[in-house]
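Data block for coords_22.csv (CSV, C-alpha atoms):
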chain,number,residue,atom,x,y,z
H,239,TYR,CA,0.0,0.0,0.0
H,240,PRO,CA,2.1,2.9,-1.3
H,241,LEU,CA,-0.3,5.5,0.3
H,242,THR,CA,0.4,4.3,3.8
H,243,ARG,CA,4.1,5.3,3.4
H,244,LEU,CA,3.1,9.0,3.2
H,245,ILE,CA,2.5,9.0,6.9
H,246,ILE,CA,6.1,7.9,7.7
H,247,PRO,CA,7.7,11.4,7.4
H,248,VAL,CA,5.0,12.8,9.7
H,249,LEU,CA,5.7,10.2,12.4
H,250,LEU,CA,9.5,10.7,11.9
H,251,TRP,CA,9.1,14.4,12.4
H,252,ALA,CA,6.9,13.9,15.5
H,253,ALA,CA,9.6,11.5,17.0
H,254,PHE,CA,12.5,13.9,16.4
H,255,ARG,CA,10.8,17.2,17.2
H,256,LEU,CA,7.9,16.5,19.6
H,257,GLY,CA,9.3,13.6,21.6
H,258,TYR,CA,7.6,10.6,23.1
H,259,ARG,CA,4.3,12.4,24.0
H,260,GLY,CA,4.1,14.2,20.7
H,261,LEU,CA,4.6,11.0,18.8
H,262,THR,CA,2.0,9.2,20.9
H,263,LEU,CA,-0.5,11.9,20.1
H,264,ALA,CA,0.4,11.8,16.4
H,265,SER,CA,0.0,8.0,16.4
H,266,VAL,CA,-3.5,8.3,18.0
H,267,VAL,CA,-4.6,10.8,15.4
H,268,VAL,CA,-3.3,8.7,12.5
H,269,THR,CA,-5.0,5.6,14.0
H,270,MET,CA,-8.3,7.5,14.3
H,271,PHE,CA,-8.2,8.7,10.7
H,272,ALA,CA,-7.2,5.2,9.4
H,273,ALA,CA,-9.9,3.5,11.4
H,274,TRP,CA,-12.5,6.0,10.3
H,275,GLY,CA,-11.6,5.6,6.6
H,276,THR,CA,-11.6,1.8,6.8
H,277,VAL,CA,-15.0,1.7,8.5
H,278,ALA,CA,-16.3,4.1,5.9
H,279,GLY,CA,-15.1,1.8,3.1
H,280,THR,CA,-12.4,4.1,1.8
H,281,GLY,CA,-8.6,4.3,2.2
H,282,PRO,CA,-5.7,1.9,1.5
H,283,PHE,CA,-6.8,-0.7,4.1
H,284,VAL,CA,-10.1,-1.6,2.5
H,285,SER,CA,-10.1,-5.1,1.1
H,286,LEU,CA,-12.5,-7.3,-1.0
H,287,TRP,CA,-12.7,-9.7,1.9
H,288,ALA,CA,-14.6,-8.4,4.9
H,289,GLY,CA,-12.3,-10.0,7.5
H,290,GLU,CA,-9.1,-8.8,6.0
H,291,SER,CA,-9.5,-5.0,6.4
H,292,PRO,CA,-9.4,-5.0,10.2
H,293,LEU,CA,-6.4,-7.3,10.2
H,294,VAL,CA,-4.4,-5.2,7.8
H,295,LEU,CA,-5.4,-2.0,9.7
H,296,GLN,CA,-4.3,-3.6,13.0
H,297,LEU,CA,-1.0,-4.8,11.6
H,298,TYR,CA,-0.4,-1.3,10.2
H,299,ILE,CA,-1.2,0.5,13.5
H,300,SER,CA,0.8,-1.9,15.7
H,301,SER,CA,3.9,-2.0,13.5
H,302,ASN,CA,4.0,1.8,13.3
H,303,ALA,CA,3.4,2.2,17.0
H,304,VAL,CA,6.1,-0.2,18.1
H,305,THR,CA,8.7,1.1,15.6
H,306,PHE,CA,8.3,4.8,16.1
H,307,LEU,CA,7.7,4.6,19.9
H,308,PHE,CA,10.9,2.7,20.2
H,309,LEU,CA,12.6,5.4,18.1
H,310,ALA,CA,11.2,8.1,20.3
H,311,SER,CA,12.4,6.3,23.4
H,312,VAL,CA,15.9,6.1,22.1
H,313,LEU,CA,15.9,9.8,21.1
H,314,GLU,CA,14.5,10.8,24.5
H,315,GLU,CA,17.2,8.8,26.3
H,316,ARG,CA,19.8,10.5,24.1
H,317,ARG,CA,18.4,13.9,25.0
H,318,ARG,CA,18.5,13.1,28.7
H,319,ALA,CA,22.1,11.9,28.4
H,320,GLU,CA,23.1,15.0,26.5
H,321,ASN,CA,21.4,17.3,29.1
H,322,SER,CA,23.0,15.4,31.9
H,323,ARG,CA,26.4,15.8,30.3
H,324,LYS,CA,25.9,19.5,29.8
H,325,LEU,CA,24.8,19.9,33.4
H,326,ASP,CA,27.9,18.0,34.6
H,327,GLN,CA,30.1,20.3,32.5
H,328,GLN,CA,28.4,23.4,33.9
H,329,ARG,CA,28.9,22.1,37.5
H,330,LEU,CA,32.6,21.3,36.8
H,331,SER,CA,33.1,24.8,35.3
H,332,THR,CA,31.4,26.4,38.3
H,333,ASN,CA,33.5,24.4,40.8
H,334,LEU,CA,36.7,25.4,39.0
H,335,ALA,CA,35.7,29.0,38.9
H,336,ILE,CA,34.9,29.0,42.7
H,337,SER,CA,38.2,27.3,43.4
H,338,ARG,CA,40.0,29.9,41.4
H,339,ILE,CA,38.3,32.7,43.2
H,340,LEU,CA,39.1,31.3,46.6
H,341,ALA,CA,42.7,30.7,45.6
H,342,GLU,CA,43.1,34.4,44.8
H,343,ALA,CA,42.0,35.2,48.4
H,344,PRO,CA,40.1,38.5,47.6
H,345,PRO,CA,38.1,40.4,50.3
H,346,LEU,CA,35.1,38.4,51.6
H,347,ASP,CA,32.4,40.6,50.0
H,348,VAL,CA,34.2,40.6,46.6
H,349,ALA,CA,34.8,36.8,46.8
H,350,ILE,CA,31.1,36.1,47.7
H,351,ASN,CA,29.9,38.4,44.9
H,352,ARG,CA,32.0,36.6,42.3
H,353,ILE,CA,31.0,33.2,43.6
H,354,LEU,CA,27.3,34.2,43.4
H,355,ALA,CA,27.9,35.4,39.9
H,356,SER,CA,29.5,32.1,38.9
H,357,ILE,CA,26.7,30.0,40.4
H,358,GLY,CA,23.9,32.4,39.2
H,359,GLU,CA,25.1,32.5,35.6
H,360,THR,CA,25.5,28.7,35.5
H,361,LEU,CA,22.1,27.9,37.0
H,362,GLY,CA,20.2,30.8,35.3
H,363,TRP,CA,19.5,32.8,38.5
H,364,LYS,CA,18.1,36.3,38.3
H,365,ILE,CA,19.4,37.3,41.7
H,366,GLY,CA,21.5,35.9,44.5
H,367,ALA,CA,22.5,37.1,47.9
H,368,MET,CA,24.7,36.1,50.8
H,369,TRP,CA,23.3,36.6,54.3
H,370,THR,CA,25.5,36.9,57.4
H,371,LEU,CA,24.7,37.0,61.1
H,372,ASP,CA,24.7,40.2,63.1
H,373,TYR,CA,25.7,39.0,66.5
H,374,GLU,CA,24.6,42.2,68.3
H,375,LYS,CA,21.1,42.2,67.0
H,376,GLU,CA,20.9,38.4,66.5
H,377,THR,CA,19.5,38.9,63.0
H,378,LEU,CA,20.6,38.1,59.5
H,379,ARG,CA,21.5,40.9,57.2
H,380,CYS,CA,22.5,40.9,53.5
H,381,LEU,CA,26.3,40.9,53.1
H,382,THR,CA,26.3,41.2,49.3
H,383,LEU,CA,23.9,40.8,46.4
H,384,TRP,CA,24.4,39.8,42.8
H,385,ARG,CA,21.9,40.3,40.0
H,386,ARG,CA,21.9,39.2,36.3
H,387,SER,CA,20.4,42.4,35.0
H,388,ARG,CA,22.4,45.6,34.9
H,389,ALA,CA,19.3,47.8,34.9
H,390,THR,CA,18.2,50.0,37.7
H,391,GLU,CA,18.1,48.5,41.1
H,392,SER,CA,14.8,46.9,41.8
H,393,GLN,CA,12.6,47.2,44.9
H,394,PHE,CA,13.2,43.6,45.8
H,395,GLU,CA,17.0,44.2,45.9
H,396,ILE,CA,16.5,47.3,48.0
H,397,ASP,CA,14.3,45.5,50.5
H,398,SER,CA,16.8,42.6,50.6
H,399,CYS,CA,19.8,44.9,51.2
H,400,GLN,CA,18.0,46.9,53.9
H,401,GLY,CA,16.0,44.2,55.5
H,402,GLU,CA,16.9,42.0,58.5
H,403,PHE,CA,15.6,38.6,59.4
H,404,GLU,CA,15.2,37.0,62.8
H,405,MET,CA,15.6,33.2,63.2
H,406,GLY,CA,12.7,31.4,61.6
H,407,VAL,CA,11.4,34.5,59.7
H,408,GLY,CA,11.5,34.6,55.9
H,409,LEU,CA,13.5,32.3,53.8
H,410,PRO,CA,16.9,33.3,55.3
H,411,GLY,CA,15.6,33.0,58.8
H,412,ARG,CA,14.1,29.6,58.2
H,413,VAL,CA,17.3,28.2,56.7
H,414,TRP,CA,19.2,29.7,59.7
H,415,LYS,CA,16.8,27.9,62.1
H,416,ASN,CA,16.6,24.5,60.3
H,417,ARG,CA,20.2,24.4,59.1
H,418,ASN,CA,19.0,22.8,56.0
H,419,PRO,CA,18.5,23.9,52.4
H,420,ILE,CA,15.0,25.1,51.5
H,421,TRP,CA,13.5,25.2,48.0
H,422,ILE,CA,10.3,27.2,47.3
H,423,GLU,CA,8.8,26.4,43.9
H,424,ASP,CA,6.2,29.1,44.0
H,425,VAL,CA,6.7,32.1,46.4
H,426,SER,CA,3.0,33.1,45.9
H,427,GLY,CA,2.1,30.2,48.2
H,428,GLU,CA,4.5,31.3,50.9
H,429,LYS,CA,3.2,34.8,51.7
H,430,GLU,CA,2.7,34.0,55.4
H,431,ASN,CA,6.4,33.5,56.0
H,432,PHE,CA,8.0,35.2,53.0
H,433,PRO,CA,7.7,39.0,53.6
H,434,ARG,CA,9.2,39.9,50.2
H,435,ALA,CA,6.7,37.6,48.3
H,436,PRO,CA,4.5,40.4,46.9
H,437,ILE,CA,7.4,42.4,45.5
H,438,ALA,CA,9.0,39.2,44.2
H,439,ILE,CA,5.8,38.3,42.3
H,440,GLU,CA,5.5,41.8,41.0
H,441,GLU,CA,9.0,41.7,39.6
H,442,GLY,CA,8.6,38.3,38.0
H,443,LEU,CA,10.5,36.2,40.6
H,444,ARG,CA,8.6,32.9,41.1
H,445,SER,CA,11.0,30.5,42.9
H,446,ALA,CA,13.5,30.7,45.6
H,447,PHE,CA,16.3,28.5,47.0
H,448,ALA,CA,18.6,29.0,50.0
H,449,PHE,CA,21.2,26.9,51.7
H,450,PRO,CA,23.3,27.3,54.8
H,451,VAL,CA,27.1,27.7,54.8
H,452,LEU,CA,28.3,25.8,57.8
H,453,ALA,CA,31.8,26.1,59.2
How does the structure come out when it is put into structure tokens?
Amino acid sequence: YPLTRLIIPVLLWAAFRLGYRGLTLASVVVTMFAAWGTVAGTGPFVSLWAGESPLVLQLYISSNAVTFLFLASVLEERRRAENSRKLDQQRLSTNLAISRILAEAPPLDVAINRILASIGETLGWKIGAMWTLDYEKETLRCLTLWRRSRATESQFEIDSCQGEFEMGVGLPGRVWKNRNPIWIEDVSGEKENFPRAPIAIEEGLRSAFAFPVLA
């Protein structure tokens, strides 16, 4: 059936460009059209024998599904391996950059800012800050802050630099209290204990991550 070969480029495109889910959807659509045409008595799967048409259609659908879904699985695994390799390279580059900064022994605030820049640029951060303990007030204050954009300082940055956090208050205070990293996927759901959440949302900051530096 030469006409059935016309669908092969479409399924190949779906496998390479859309991945496993896209190919599954494309296979379902092709199956629906093929089944509809066969039931209506038209299309390349219609046979003179009544029992042959469903068998030919089933063989066509199953062979295409197995072949192209296997191809999509191989491509997906290759993409994951490539992404993992790139991530490992980025981490290695970041570790080397941090080691080089520490070897140069610059002032603490300069070193922290350069380290934040290395990590932020690698992981795609918009902003990063280092918080330090004020022993007199027993609060955390911002030691230095890095931002990707070179535009005018935002209100979130101003509040971060001027603000102080007690133990257990805000993201810095919670990390200080728990001594464990904290990841917030959506800051809009953390308004009760994320004082800067309204400003962060307004400026397009959606997620936050903080970790303690323990001596």
List every protein, DNA or RNA residue that has at least one atom no more than 7 Å from (14.4, 29.2, 47.5) in the file's coordinates, counting all atoms listed in the file, and write the result as a list in words.
Ile420, Trp421, Ile422, Ser445, Ala446, Phe447 and Ala448 of chain H
Env of Leu381 (chain H): 6 Å cut, atoms = all atoms listed in the file, seq-sep filter 3 positions within chain, self excluded. Answer as a PyMOL selection string.
chain H and resi 368-370
Export C-alpha atoms of the chosen residues as a PDB file, keeping the file's coordinate frame?
ATOM      1  CA  MET H 368      24.700  36.100  50.800  1.00  0.00           C
ATOM      2  CA  TRP H 369      23.300  36.600  54.300  1.00  0.00           C
ATOM      3  CA  THR H 370      25.500  36.900  57.400  1.00  0.00           C
TER       4      THR H 370
END
Just checking: using only C-alpha atoms, which residue out of H:Lys364, H:Arg379, H:Arg255, H:Arg417 ends up closest to Leu309 (chain H)?
H:Arg255
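Ranking H:Arg434, H:Lys375, H:Lys415, H:Arg352 by their shortest atom-to-atom distance to Ser398 (chain H), with only C-alpha atoms included, puts H:Arg434 first.
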Could you check which of H:Val267, H:Leu361, H:Ile437, H:Gly275 is closest to Gln327 (chain H), using all atoms listed in the file?
H:Leu361
Separation of CA of Gly358 (chain H) and CA of Asn333 (chain H), in Å?
12.6 Å
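Closest approach to Val407 (chain H) from the set H:Glu430, H:Glu391, H:Glu423, H:Asp372 is made by H:Glu430, with distances taken over only C-alpha atoms.
Of the residues under consideration (H:Ala273, H:Ile339, H:Ala253, H:Ile350), H:Ala253 shows the shortest atom-to-atom contact distance to Leu313 (chain H) when counting only C-alpha atoms.
One distance worth recording is that between CA of Thr390 (chain H) and CA of Leu354 (chain H), which is 19.1 Å.
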One decimal, in Å: what's the spacing between CA of Leu452 (chain H) and CA of Arg412 (chain H)?
14.7 Å
From the list H:Ala367, H:Ala310, H:Ile299, H:Ala272, the nearest residue to Leu256 (chain H) using all atoms listed in the file is H:Ala310
